[in-house]
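Single-structure report; data block below.
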Amino acid sequence: MTTTLKPATAARAGSHQLGPLALALRQGRLELTQFLRSRESVVFTMGFPIIMILIFAAVFDGEIAPGVSFPQYFITGMIAAGLMTVSFQNLGIWIPIERDRGVLKRYRGTPMPKWVYFAGKVIMVVVVGVVETALLLAVSVAAFDLQLPGTATKWLTFGWVSVLGITACTLCGIAISSLARTARSGSAVVTPVALILQFTSGVFFVFTQLPSWMQQVAALFPLKWMCQGLRSVFLPDTFAGQEPGGSYELGRVALVLAAWCVIGLLLCLGTFRWTTRRDG
Amino acid sequence: MDNELAIVARGLRKAYGKNVAVAGVDLEVRRGEVFALLGPNGAGKTTTVEILEGYRRRDAGEVSVLDSDPAAPAADWRNRIGIVLQGVGEFDELSVSELVHHFAGFYADADDPEKVIARVGLAGKARARTHTLSGGQKRRLDVALGIIGRPELLFLDEPTTGFDPEARREFWQLIRDLAAAGTTIVLTTHYLDEAEALADRVGVIAGGRLIEVAAPEQLGNRQQAHATVSWRTPEGLIESTESATPTELVTELAARFGGEVPGLTVTRPTLEDIYLQMIGHR
């Protein structure tokens, strides 16, 4: 047995450290594998928006405005809430568990650069978000004739609103993960925040029917702007007049979401903890 | 710093609020040796080791680990050390093989994952999800992840807690093999027999200070300690005497009994006796 051992102090000539891209992709694959193998998170994350849109479509039929069916309006909220679930809730719940189990501490003891951990999470979130949104759209088209965006411009808007939104939510999810003291408290911290935002941002109700103070509070957070941006994609241009600002305000959507990306990033950099409090 | 030394610490201090965990530790670990750190819970053992591992910042003192300050290490420093933490880092949904392969990718000069899995005795469990492993098998996986980068310096934090005696013996052999290949090993343990079996030198920490460093057989002047000779008297009572010259006493007893001395034992204090005495004085 001993003969197979190389001296530990031997020259490290055969160095073949992986490049940054390879490290990030491997980490993303590892995160995805772990996600797909934990059945509860797959069912909850993937299934939740689909179940919600099916319930909404069954409870409310008819039209919100001429030519705008209930599902056509609420698909925007469900896509936005779905993206928030895979990023904000998923990370806000899972990172405290990994921290509590010492997974983060273990990574810190290896030469893995810190950013690779976050890159792995981002890759996982993006892949799951794309798959989940595609499933949601497919089910909605099949079940209640959802009208998909008809122009390239609208698809482009769909793309950038989703990317900015999921980025902001991912960064905020990583940031809020440091609030939880134990593995179990992650969902207690994240779930109320997510639920309140969903109820006040136009996911479950027509946004303009909410009290105006509630609209103003919701406008401080990203979810409202994700919903609004997505409404510009899935609802006719004529509906824009019914938005609080009289238009879809895409410039402001971009600005607020980008601002939340910056806030989230600063919070992550300033507060992220690799170890639990009892570890010091 | 002296290149013959893997670790040098001088005046190491760390406090958590008013609670001083490490109160001025001076420590040297030579390259290639197995160094065991003993001490009761709360003595500052874990804090000291975690400062050396780069997990915690010290309040004061100088530290060099493989010629780097662990608080601001050289770029390839983490490539050269391996850490086996206590009950840490469970990846329930992954298999042993996936995990060891993944961690191999972090190191510039990683060992062959299959070989490492076999060395820690998990070849039969390579495809098993880690949550199906027993406590002892999880520790072996911890060790596999600690040595996959072929470290020059390996930290082991209470590595055999929860092992059955056979598993401990196998584990000790693994540590001896690593040491024989030139790996410097810093081990913390509660088991004195483990320190005695593995360590070239033992350091005892109590009250945040390193109170003694010596080879296990010399700790606390163990060699010079009086031996206890006990035997059974003709009345059936056990009599014992501490003696600096036990051989002389036994010869005298043999003459008195005209041959065999009934129930004769000659013992010196065990490492445990010495250790308990040392930390008891603090």
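Just so we're on the same page: first chain in the structure tokens is A, next is B, and so on; residues restart at 1 for each chain, and ligands are numbered from 1 in the order they show up.
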Could the residues of chain B within 7 Å of chain A, counting only C-alpha atoms, be given as a PyMOL selection string, please? chain B and resi 78-79+83+88-90+93-94+105-109+150-152+177+181-183
Selected residues written out, all heavy atoms, as a compact mmCIF listing (two decimals), in the first residue's frame:
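Now in selection26.txt:
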# COMPACT_ATOMS: atom_id res chain seq x y z
N ARG B 78 -3.90 26.77 0.05
CA ARG B 78 -4.96 25.79 0.30
C ARG B 78 -4.78 24.51 -0.51
O ARG B 78 -5.36 23.48 -0.20
CB ARG B 78 -6.34 26.40 0.02
CG ARG B 78 -6.76 27.42 1.04
CD ARG B 78 -8.09 27.05 1.69
NE ARG B 78 -8.41 27.96 2.77
CZ ARG B 78 -8.36 27.63 4.06
NH1 ARG B 78 -8.04 26.40 4.43
NH2 ARG B 78 -8.64 28.51 4.99
N ASN B 79 -3.97 24.60 -1.58
CA ASN B 79 -3.64 23.40 -2.34
C ASN B 79 -2.76 22.46 -1.55
O ASN B 79 -2.67 21.28 -1.85
CB ASN B 79 -2.86 23.80 -3.60
CG ASN B 79 -3.76 23.83 -4.81
OD1 ASN B 79 -4.50 22.89 -5.05
ND2 ASN B 79 -3.70 24.92 -5.55
N ILE B 83 -7.89 19.38 5.33
CA ILE B 83 -8.57 19.57 6.60
C ILE B 83 -9.67 18.52 6.74
O ILE B 83 -10.50 18.37 5.84
CB ILE B 83 -9.19 20.98 6.67
CG1 ILE B 83 -8.10 22.05 6.55
CG2 ILE B 83 -9.98 21.15 7.96
CD1 ILE B 83 -8.65 23.47 6.48
N VAL B 88 -18.89 17.40 9.64
CA VAL B 88 -19.15 18.61 8.88
C VAL B 88 -19.37 18.31 7.42
O VAL B 88 -18.85 17.35 6.87
CB VAL B 88 -17.94 19.56 9.08
CG1 VAL B 88 -17.42 20.06 7.75
CG2 VAL B 88 -18.30 20.71 9.99
N GLY B 89 -20.24 19.10 6.81
CA GLY B 89 -20.34 19.09 5.36
C GLY B 89 -20.97 17.87 4.77
O GLY B 89 -20.34 17.09 4.08
N GLU B 90 -22.25 17.69 5.05
CA GLU B 90 -22.92 16.54 4.50
C GLU B 90 -23.59 16.93 3.18
O GLU B 90 -24.32 17.90 3.11
CB GLU B 90 -23.98 16.06 5.47
CG GLU B 90 -23.51 16.15 6.90
CD GLU B 90 -23.44 14.81 7.56
OE1 GLU B 90 -24.41 14.07 7.43
OE2 GLU B 90 -22.42 14.52 8.18
N GLU B 93 -27.35 14.14 -1.02
CA GLU B 93 -27.90 13.61 -2.27
C GLU B 93 -26.84 13.10 -3.23
O GLU B 93 -27.17 12.63 -4.31
CB GLU B 93 -28.74 14.69 -2.97
CG GLU B 93 -29.84 15.29 -2.12
CD GLU B 93 -30.81 14.23 -1.61
OE1 GLU B 93 -30.92 13.16 -2.24
OE2 GLU B 93 -31.44 14.47 -0.56
N LEU B 94 -25.57 13.24 -2.85
CA LEU B 94 -24.51 12.84 -3.78
C LEU B 94 -23.88 11.52 -3.35
O LEU B 94 -23.95 11.15 -2.18
CB LEU B 94 -23.44 13.92 -3.84
CG LEU B 94 -23.93 15.29 -4.32
CD1 LEU B 94 -22.84 16.33 -4.19
CD2 LEU B 94 -24.42 15.21 -5.76
N GLY B 105 -11.37 18.13 -8.30
CA GLY B 105 -11.28 19.21 -9.27
C GLY B 105 -10.84 20.54 -8.70
O GLY B 105 -10.47 21.44 -9.43
N PHE B 106 -10.92 20.67 -7.37
CA PHE B 106 -10.52 21.94 -6.74
C PHE B 106 -9.00 22.07 -6.62
O PHE B 106 -8.48 23.16 -6.42
CB PHE B 106 -11.11 22.06 -5.33
CG PHE B 106 -12.61 22.19 -5.31
CD1 PHE B 106 -13.34 21.69 -4.23
CD2 PHE B 106 -13.30 22.82 -6.33
CE1 PHE B 106 -14.72 21.81 -4.19
CE2 PHE B 106 -14.69 22.94 -6.30
CZ PHE B 106 -15.39 22.42 -5.23
N TYR B 107 -8.29 20.94 -6.69
CA TYR B 107 -6.85 20.95 -6.38
C TYR B 107 -6.01 20.89 -7.64
O TYR B 107 -6.40 20.24 -8.63
CB TYR B 107 -6.50 19.78 -5.47
CG TYR B 107 -7.14 19.89 -4.11
CD1 TYR B 107 -8.41 19.38 -3.86
CD2 TYR B 107 -6.48 20.55 -3.07
CE1 TYR B 107 -9.01 19.51 -2.62
CE2 TYR B 107 -7.07 20.68 -1.83
CZ TYR B 107 -8.33 20.16 -1.61
OH TYR B 107 -8.92 20.30 -0.38
N ALA B 108 -4.85 21.54 -7.56
CA ALA B 108 -3.95 21.58 -8.70
C ALA B 108 -3.32 20.21 -8.95
O ALA B 108 -3.03 19.85 -10.07
CB ALA B 108 -2.86 22.62 -8.47
N ASP B 109 -3.14 19.46 -7.90
CA ASP B 109 -2.35 18.23 -8.02
C ASP B 109 -3.07 17.11 -7.26
O ASP B 109 -2.50 16.47 -6.40
CB ASP B 109 -0.96 18.48 -7.42
CG ASP B 109 -0.02 17.35 -7.73
OD1 ASP B 109 -0.23 16.67 -8.76
OD2 ASP B 109 0.92 17.13 -6.94
N ARG B 150 -3.70 15.66 -1.99
CA ARG B 150 -2.33 15.24 -1.63
C ARG B 150 -1.64 16.33 -0.80
O ARG B 150 -0.63 16.92 -1.21
CB ARG B 150 -1.51 14.93 -2.88
CG ARG B 150 -2.18 13.82 -3.71
CD ARG B 150 -1.20 13.11 -4.58
NE ARG B 150 -0.53 14.01 -5.49
CZ ARG B 150 0.72 13.82 -5.91
NH1 ARG B 150 1.41 12.79 -5.49
NH2 ARG B 150 1.26 14.68 -6.74
N PRO B 151 -2.21 16.63 0.39
CA PRO B 151 -1.68 17.73 1.19
C PRO B 151 -0.30 17.43 1.78
O PRO B 151 0.02 16.28 2.05
CB PRO B 151 -2.72 17.86 2.31
CG PRO B 151 -3.31 16.50 2.44
CD PRO B 151 -3.33 15.93 1.05
N GLU B 152 0.48 18.50 1.96
CA GLU B 152 1.73 18.38 2.69
C GLU B 152 1.45 18.37 4.18
O GLU B 152 2.22 17.86 4.97
CB GLU B 152 2.63 19.59 2.39
CG GLU B 152 3.21 19.60 1.01
CD GLU B 152 3.83 20.96 0.71
OE1 GLU B 152 4.55 21.49 1.56
OE2 GLU B 152 3.58 21.47 -0.40
N ASP B 177 0.48 5.40 7.23
CA ASP B 177 0.91 5.39 5.82
C ASP B 177 1.13 6.81 5.31
O ASP B 177 2.10 7.09 4.62
CB ASP B 177 -0.14 4.70 4.94
CG ASP B 177 -0.22 3.20 5.18
OD1 ASP B 177 0.73 2.66 5.80
OD2 ASP B 177 -1.21 2.58 4.76
N ALA B 181 4.69 8.59 4.17
CA ALA B 181 4.91 9.21 2.87
C ALA B 181 5.34 10.67 2.99
O ALA B 181 5.50 11.36 1.99
CB ALA B 181 3.63 9.11 2.03
N GLY B 182 5.49 11.14 4.22
CA GLY B 182 6.04 12.48 4.41
C GLY B 182 5.02 13.55 4.75
O GLY B 182 5.37 14.73 4.87
N THR B 183 3.76 13.18 4.92
CA THR B 183 2.73 14.18 5.26
C THR B 183 2.87 14.59 6.72
O THR B 183 3.00 13.74 7.60
CB THR B 183 1.32 13.59 5.04
OG1 THR B 183 1.27 12.97 3.78
CG2 THR B 183 0.26 14.67 5.14
**Asked** Neighbours of Leu249 in chain B within 12 Å (only C-alpha atoms; same-chain residues fewer than 5 positions away dropped), as a PyMOL selection string?
**Response** chain B and resi 227-231+240-244+254-256+261+264-266
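Between Asn19 in chain B and the residues B:Ala179, B:Ala43, B:Leu154, B:Leu192, the shortest atom-to-atom distance, using only C-alpha atoms, involves B:Ala43.
Here CA of Leu253 in chain B and CA of Pro234 in chain B stand 12.1 Å from one another.
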Taking the DSSP assignment computed from this structure's backbone, write out as a PyMOL selection string all residues of range 83-209 of chain B that belong to helix (DSSP H, G or I). chain B and resi 96-104+113-119+123-125+130-132+135-147+165-180+192-198
Between CA of Ala206 in chain B and CA of Asn41 in chain B lies a distance of 9.1 Å
### Task
Name the residues in contact with Ile53 in chain A at a cut-off of 12 Å, using only C-alpha atoms, excluding same-chain residues fewer than 5 positions from it; report them as a VMD selection string.
chain A and resid 47 to 48 58 to 61 70 to 79 81 to 82 135 to 141 143 to 144 146 203 to 204
Practice item. Could you give me, as a PyMOL selection string, the residues within 8 Å of range 206-221 of chain A, counting only C-alpha atoms and dropping anything in the same chain fewer than 2 positions from it? Key: chain A and resi 197+200-204+223-225+242-244+260
